[in-house]
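Visitor: Have a look at this one.
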Amino acid sequence: MNKVILMGRLTRDPEVRYSQGENPLAIARYTLAVDRRQSRSNNGDEQTADFITCVAFGRTGEFAERYLRKGTKIAVTGRIQTGSYTNKDGVKVYTTEVVVEDHEFCESRNAAAQNDGGFGGFNGGNNGGFGGGAPAASGAGDGFMNIPDGIDEELPFN
């Protein structure tokens, strides 16, 4: 079985191209910075993230083009694909990438703006119904609505 699940932040906006032909197909490429778990022997000089190349096709690629931005924290499911080609200097180059089957937002826009993630945060416009429901009540800050005092008597459960 070839199944990959990753969670990380985009290092830059996705690069999207469309195939030629009667029915153009969106092809989105982006790099995901995925944190490594810290080992006890880590002295602080080691790399703490892996940078994974991801490619999304069709509707998944269109979603990436429309909603994903640098710094967005997402979860990706897909499969690993390896390949090779010979570059213009005659050297064989080997590639490894994740072919994305699905991706989901892992934080609200408010959390992305507060955390900023070191990558610029997600500050896109209307998200088209993705990534959250009703807006947070003012002053909540954590993405949850404040519940008024005294409401306990009106709830049908305890």
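Here, A, B, ... name the chains of the structure tokens in the order displayed, residue numbers run from 1 inside each chain, and ligands are numbered from 1 in the same displayed order.
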Name all residues at most 7 Å from A:Ile74 (count only C-alpha atoms; drop same-chain ones fewer than 5 positions away) and give them as a ChimeraX atom specification.
Guide: /A:7-9,103-106
Visitor: For the selection just defined, write its residues with C-alpha atoms to a file, as an mmCIF file, in the first residue's frame.
Guide:
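Now in again06.cif:
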data_model
loop_
_atom_site.group_PDB
_atom_site.id
_atom_site.type_symbol
_atom_site.label_atom_id
_atom_site.label_comp_id
_atom_site.auth_asym_id
_atom_site.auth_seq_id
_atom_site.Cartn_x
_atom_site.Cartn_y
_atom_site.Cartn_z
ATOM 1 C CA MET A 7 0.777 18.013 8.044
ATOM 2 C CA GLY A 8 2.728 21.197 7.501
ATOM 3 C CA ARG A 9 2.817 24.719 6.113
ATOM 4 C CA HIS A 103 -5.879 18.310 1.449
ATOM 5 C CA GLU A 104 -7.620 20.037 4.352
ATOM 6 C CA PHE A 105 -7.079 23.178 6.384
ATOM 7 C CA CYS A 106 -5.639 22.512 9.855
#
Visitor: Got a sec: who's within 6 Å of stretch 28-31 of chain A, counting only C-alpha atoms, leaving out chain neighbours fewer than 5 positions off, as a PDB file with all heavy atoms, in the first residue's frame?
Guide:
ATOM      1  N   LEU A  10       2.715  25.559   3.848  1.00  0.00           N
ATOM      2  CA  LEU A  10       3.247  25.845   2.525  1.00  0.00           C
ATOM      3  C   LEU A  10       4.385  26.849   2.630  1.00  0.00           C
ATOM      4  O   LEU A  10       4.274  27.844   3.353  1.00  0.00           O
ATOM      5  CB  LEU A  10       2.160  26.421   1.613  1.00  0.00           C
ATOM      6  CG  LEU A  10       1.304  25.385   0.864  1.00  0.00           C
ATOM      7  CD1 LEU A  10       0.360  24.675   1.783  1.00  0.00           C
ATOM      8  CD2 LEU A  10       0.574  26.048  -0.269  1.00  0.00           C
ATOM      9  N   THR A  11       5.459  26.584   1.910  1.00  0.00           N
ATOM     10  CA  THR A  11       6.613  27.481   1.951  1.00  0.00           C
ATOM     11  C   THR A  11       6.455  28.657   0.993  1.00  0.00           C
ATOM     12  O   THR A  11       7.163  29.644   1.116  1.00  0.00           O
ATOM     13  CB  THR A  11       7.906  26.732   1.599  1.00  0.00           C
ATOM     14  OG1 THR A  11       7.789  26.192   0.278  1.00  0.00           O
ATOM     15  CG2 THR A  11       8.167  25.615   2.603  1.00  0.00           C
ATOM     16  N   PRO A  14       1.184  28.117  -4.208  1.00  0.00           N
ATOM     17  CA  PRO A  14       1.278  27.036  -5.192  1.00  0.00           C
ATOM     18  C   PRO A  14       1.558  27.587  -6.594  1.00  0.00           C
ATOM     19  O   PRO A  14       1.075  28.659  -6.960  1.00  0.00           O
ATOM     20  CB  PRO A  14      -0.104  26.379  -5.152  1.00  0.00           C
ATOM     21  CG  PRO A  14      -0.688  26.771  -3.847  1.00  0.00           C
ATOM     22  CD  PRO A  14      -0.115  28.114  -3.523  1.00  0.00           C
ATOM     23  N   GLU A  15       2.327  26.838  -7.353  1.00  0.00           N
ATOM     24  CA  GLU A  15       2.569  27.161  -8.760  1.00  0.00           C
ATOM     25  C   GLU A  15       1.601  26.312  -9.571  1.00  0.00           C
ATOM     26  O   GLU A  15       1.638  25.078  -9.509  1.00  0.00           O
ATOM     27  CB  GLU A  15       4.014  26.802  -9.118  1.00  0.00           C
ATOM     28  CG  GLU A  15       4.377  27.049 -10.557  1.00  0.00           C
ATOM     29  CD  GLU A  15       5.779  26.580 -10.862  1.00  0.00           C
ATOM     30  OE1 GLU A  15       6.704  26.964 -10.127  1.00  0.00           O
ATOM     31  OE2 GLU A  15       5.944  25.807 -11.835  1.00  0.00           O
ATOM     32  N   VAL A  16       0.705  26.954 -10.316  1.00  0.00           N
ATOM     33  CA  VAL A  16      -0.345  26.230 -11.029  1.00  0.00           C
ATOM     34  C   VAL A  16      -0.198  26.450 -12.530  1.00  0.00           C
ATOM     35  O   VAL A  16      -0.038  27.584 -12.984  1.00  0.00           O
ATOM     36  CB  VAL A  16      -1.752  26.674 -10.561  1.00  0.00           C
ATOM     37  CG1 VAL A  16      -2.833  25.881 -11.273  1.00  0.00           C
ATOM     38  CG2 VAL A  16      -1.879  26.515  -9.059  1.00  0.00           C
ATOM     39  N   ILE A  52       8.772  18.833   1.568  1.00  0.00           N
ATOM     40  CA  ILE A  52       8.215  17.799   0.712  1.00  0.00           C
ATOM     41  C   ILE A  52       7.527  18.442  -0.487  1.00  0.00           C
ATOM     42  O   ILE A  52       6.652  19.299  -0.332  1.00  0.00           O
ATOM     43  CB  ILE A  52       7.171  16.951   1.480  1.00  0.00           C
ATOM     44  CG1 ILE A  52       7.667  16.533   2.854  1.00  0.00           C
ATOM     45  CG2 ILE A  52       6.705  15.784   0.633  1.00  0.00           C
ATOM     46  CD1 ILE A  52       8.695  15.466   2.896  1.00  0.00           C
ATOM     47  N   THR A  53       7.916  18.004  -1.685  1.00  0.00           N
ATOM     48  CA  THR A  53       7.285  18.487  -2.910  1.00  0.00           C
ATOM     49  C   THR A  53       5.963  17.760  -3.107  1.00  0.00           C
ATOM     50  O   THR A  53       5.911  16.528  -3.044  1.00  0.00           O
ATOM     51  CB  THR A  53       8.198  18.241  -4.119  1.00  0.00           C
ATOM     52  OG1 THR A  53       9.442  18.887  -3.894  1.00  0.00           O
ATOM     53  CG2 THR A  53       7.576  18.773  -5.392  1.00  0.00           C
ATOM     54  N   CYS A  54       4.904  18.519  -3.344  1.00  0.00           N
ATOM     55  CA  CYS A  54       3.568  17.958  -3.553  1.00  0.00           C
ATOM     56  C   CYS A  54       3.049  18.414  -4.912  1.00  0.00           C
ATOM     57  O   CYS A  54       3.312  19.538  -5.343  1.00  0.00           O
ATOM     58  CB  CYS A  54       2.607  18.430  -2.465  1.00  0.00           C
ATOM     59  SG  CYS A  54       3.086  17.945  -0.800  1.00  0.00           S
ATOM     60  N   VAL A  55       2.267  17.554  -5.564  1.00  0.00           N
ATOM     61  CA  VAL A  55       1.646  17.904  -6.834  1.00  0.00           C
ATOM     62  C   VAL A  55       0.186  17.452  -6.778  1.00  0.00           C
ATOM     63  O   VAL A  55      -0.118  16.354  -6.311  1.00  0.00           O
ATOM     64  CB  VAL A  55       2.401  17.287  -8.044  1.00  0.00           C
ATOM     65  CG1 VAL A  55       2.422  15.788  -7.977  1.00  0.00           C
ATOM     66  CG2 VAL A  55       1.819  17.774  -9.354  1.00  0.00           C
ATOM     67  N   ALA A  56      -0.712  18.346  -7.203  1.00  0.00           N
ATOM     68  CA  ALA A  56      -2.152  18.065  -7.174  1.00  0.00           C
ATOM     69  C   ALA A  56      -2.720  18.284  -8.574  1.00  0.00           C
ATOM     70  O   ALA A  56      -2.393  19.270  -9.230  1.00  0.00           O
ATOM     71  CB  ALA A  56      -2.851  18.975  -6.165  1.00  0.00           C
ATOM     72  N   GLY A  61      -6.044  20.381  -7.709  1.00  0.00           N
ATOM     73  CA  GLY A  61      -5.139  21.445  -8.133  1.00  0.00           C
ATOM     74  C   GLY A  61      -5.832  22.797  -8.189  1.00  0.00           C
ATOM     75  O   GLY A  61      -5.256  23.818  -7.809  1.00  0.00           O
TER      76      GLY A  61
END
Visitor: If you measure from atom CA of A:Arg66 to atom CA of A:Glu97, what distance in Å do you get, rounded to one decimal?
Guide: 21.4 Å
Visitor: For stretch 3-5 of chain A, list every protein, DNA or RNA residue within 8 Å, evaluated using only C-alpha atoms, and leave out those in the same chain fewer than 6 positions away; present the list as a ChimeraX atom specification.
Guide: /A:75-80,98
Visitor: Measure the distance from atom CA of A:Glu101 to atom CA of A:Thr60 in Å and round it to one decimal.
Guide: 7.2 Å
Visitor: Just give me the gap between atom CA of A:Thr82 and atom CA of A:Gln38 in Å, one decimal is fine.
Guide: 27.4 Å
Visitor: Between A:Asn2, A:Ser84, A:Asn23, A:Asn110, which one has atoms that come closest to A:Gly58, using only C-alpha atoms?
Guide: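 When distances to A:Gly58 are compared using only C-alpha atoms, the smallest one comes from A:Asn23.
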Visitor: Can you tell me which residues surround A:Asp50 at a distance of at most 8 Å, considering only C-alpha atoms, apart from same-chain residues fewer than 6 positions away, and format the answer as a PDB file with all heavy atoms, in the first residue's frame?
Guide:
ATOM      1  N   LEU A  32       5.725  21.610   1.018  1.00  0.00           N
ATOM      2  CA  LEU A  32       5.173  21.585   2.365  1.00  0.00           C
ATOM      3  C   LEU A  32       6.322  21.416   3.365  1.00  0.00           C
ATOM      4  O   LEU A  32       7.124  20.496   3.237  1.00  0.00           O
ATOM      5  CB  LEU A  32       4.203  20.406   2.477  1.00  0.00           C
ATOM      6  CG  LEU A  32       3.115  20.442   3.511  1.00  0.00           C
ATOM      7  CD1 LEU A  32       2.204  21.640   3.309  1.00  0.00           C
ATOM      8  CD2 LEU A  32       2.302  19.165   3.464  1.00  0.00           C
ATOM      9  N   ALA A  33       6.415  22.331   4.331  1.00  0.00           N
ATOM     10  CA  ALA A  33       7.406  22.223   5.406  1.00  0.00           C
ATOM     11  C   ALA A  33       6.766  21.417   6.533  1.00  0.00           C
ATOM     12  O   ALA A  33       5.813  21.864   7.162  1.00  0.00           O
ATOM     13  CB  ALA A  33       7.815  23.598   5.905  1.00  0.00           C
ATOM     14  N   VAL A  34       7.295  20.222   6.761  1.00  0.00           N
ATOM     15  CA  VAL A  34       6.740  19.306   7.752  1.00  0.00           C
ATOM     16  C   VAL A  34       7.733  19.190   8.902  1.00  0.00           C
ATOM     17  O   VAL A  34       8.875  18.765   8.703  1.00  0.00           O
ATOM     18  CB  VAL A  34       6.474  17.913   7.132  1.00  0.00           C
ATOM     19  CG1 VAL A  34       5.926  16.963   8.173  1.00  0.00           C
ATOM     20  CG2 VAL A  34       5.526  18.040   5.946  1.00  0.00           C
ATOM     21  N   ASP A  35       7.298  19.580  10.106  1.00  0.00           N
ATOM     22  CA  ASP A  35       8.172  19.526  11.281  1.00  0.00           C
ATOM     23  C   ASP A  35       8.543  18.093  11.620  1.00  0.00           C
ATOM     24  O   ASP A  35       7.716  17.189  11.539  1.00  0.00           O
ATOM     25  CB  ASP A  35       7.489  20.152  12.500  1.00  0.00           C
ATOM     26  CG  ASP A  35       7.405  21.657  12.410  1.00  0.00           C
ATOM     27  OD1 ASP A  35       8.245  22.258  11.716  1.00  0.00           O
ATOM     28  OD2 ASP A  35       6.493  22.231  13.029  1.00  0.00           O
ATOM     29  N   ARG A  36       9.799  17.933  12.017  1.00  0.00           N
ATOM     30  CA  ARG A  36      10.263  16.643  12.536  1.00  0.00           C
ATOM     31  C   ARG A  36      10.074  16.637  14.042  1.00  0.00           C
ATOM     32  O   ARG A  36      10.138  17.680  14.683  1.00  0.00           O
ATOM     33  CB  ARG A  36      11.752  16.462  12.264  1.00  0.00           C
ATOM     34  CG  ARG A  36      12.094  16.234  10.843  1.00  0.00           C
ATOM     35  CD  ARG A  36      13.573  15.958  10.724  1.00  0.00           C
ATOM     36  NE  ARG A  36      13.962  15.834   9.339  1.00  0.00           N
ATOM     37  CZ  ARG A  36      15.202  15.730   8.940  1.00  0.00           C
ATOM     38  NH1 ARG A  36      16.182  15.746   9.828  1.00  0.00           N
ATOM     39  NH2 ARG A  36      15.481  15.634   7.664  1.00  0.00           N
TER      40      ARG A  36
END
Visitor: Write out as a list in words each polymer residue whose atoms come within 8 Å of A:Leu25, counting only C-alpha atoms; drop sequence neighbours fewer than 5 positions from it.
Guide: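 Near neighbours after the sequence-gap exclusion: Tyr18, Ser19, Gln20, Phe57 and Gly58 of chain A.
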Visitor: For the residues selected in the previous step, produce a file with N, CA, C and O atoms as a short mmCIF file (atom, residue, chain, number, x, y, z; two decimals), in the first residue's frame.
Guide:
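And here is the file that came out, selection-v9.cif:
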data_model
loop_
_atom_site.label_atom_id
_atom_site.label_comp_id
_atom_site.auth_asym_id
_atom_site.auth_seq_id
_atom_site.Cartn_x
_atom_site.Cartn_y
_atom_site.Cartn_z
N TYR A 18 -1.81 24.78 -16.45
CA TYR A 18 -2.90 24.01 -17.04
C TYR A 18 -2.36 23.25 -18.25
O TYR A 18 -1.59 23.81 -19.04
N SER A 19 -2.78 22.00 -18.40
CA SER A 19 -2.36 21.18 -19.53
C SER A 19 -3.00 21.71 -20.80
O SER A 19 -4.01 22.42 -20.77
N GLN A 20 -2.41 21.36 -21.92
CA GLN A 20 -2.96 21.75 -23.22
C GLN A 20 -4.04 20.75 -23.61
O GLN A 20 -4.09 19.64 -23.12
N PHE A 57 -3.57 17.37 -9.00
CA PHE A 57 -4.14 17.43 -10.35
C PHE A 57 -5.64 17.68 -10.30
O PHE A 57 -6.32 17.34 -9.33
N GLY A 58 -6.18 18.26 -11.38
CA GLY A 58 -7.62 18.41 -11.55
C GLY A 58 -8.25 19.34 -10.52
O GLY A 58 -7.73 20.41 -10.22
#
Visitor: From the list A:Ala64, A:Gly83, A:Arg12, A:Met1, which residue is nearest A:Ala26 when using only C-alpha atoms?
Guide: A:Ala64
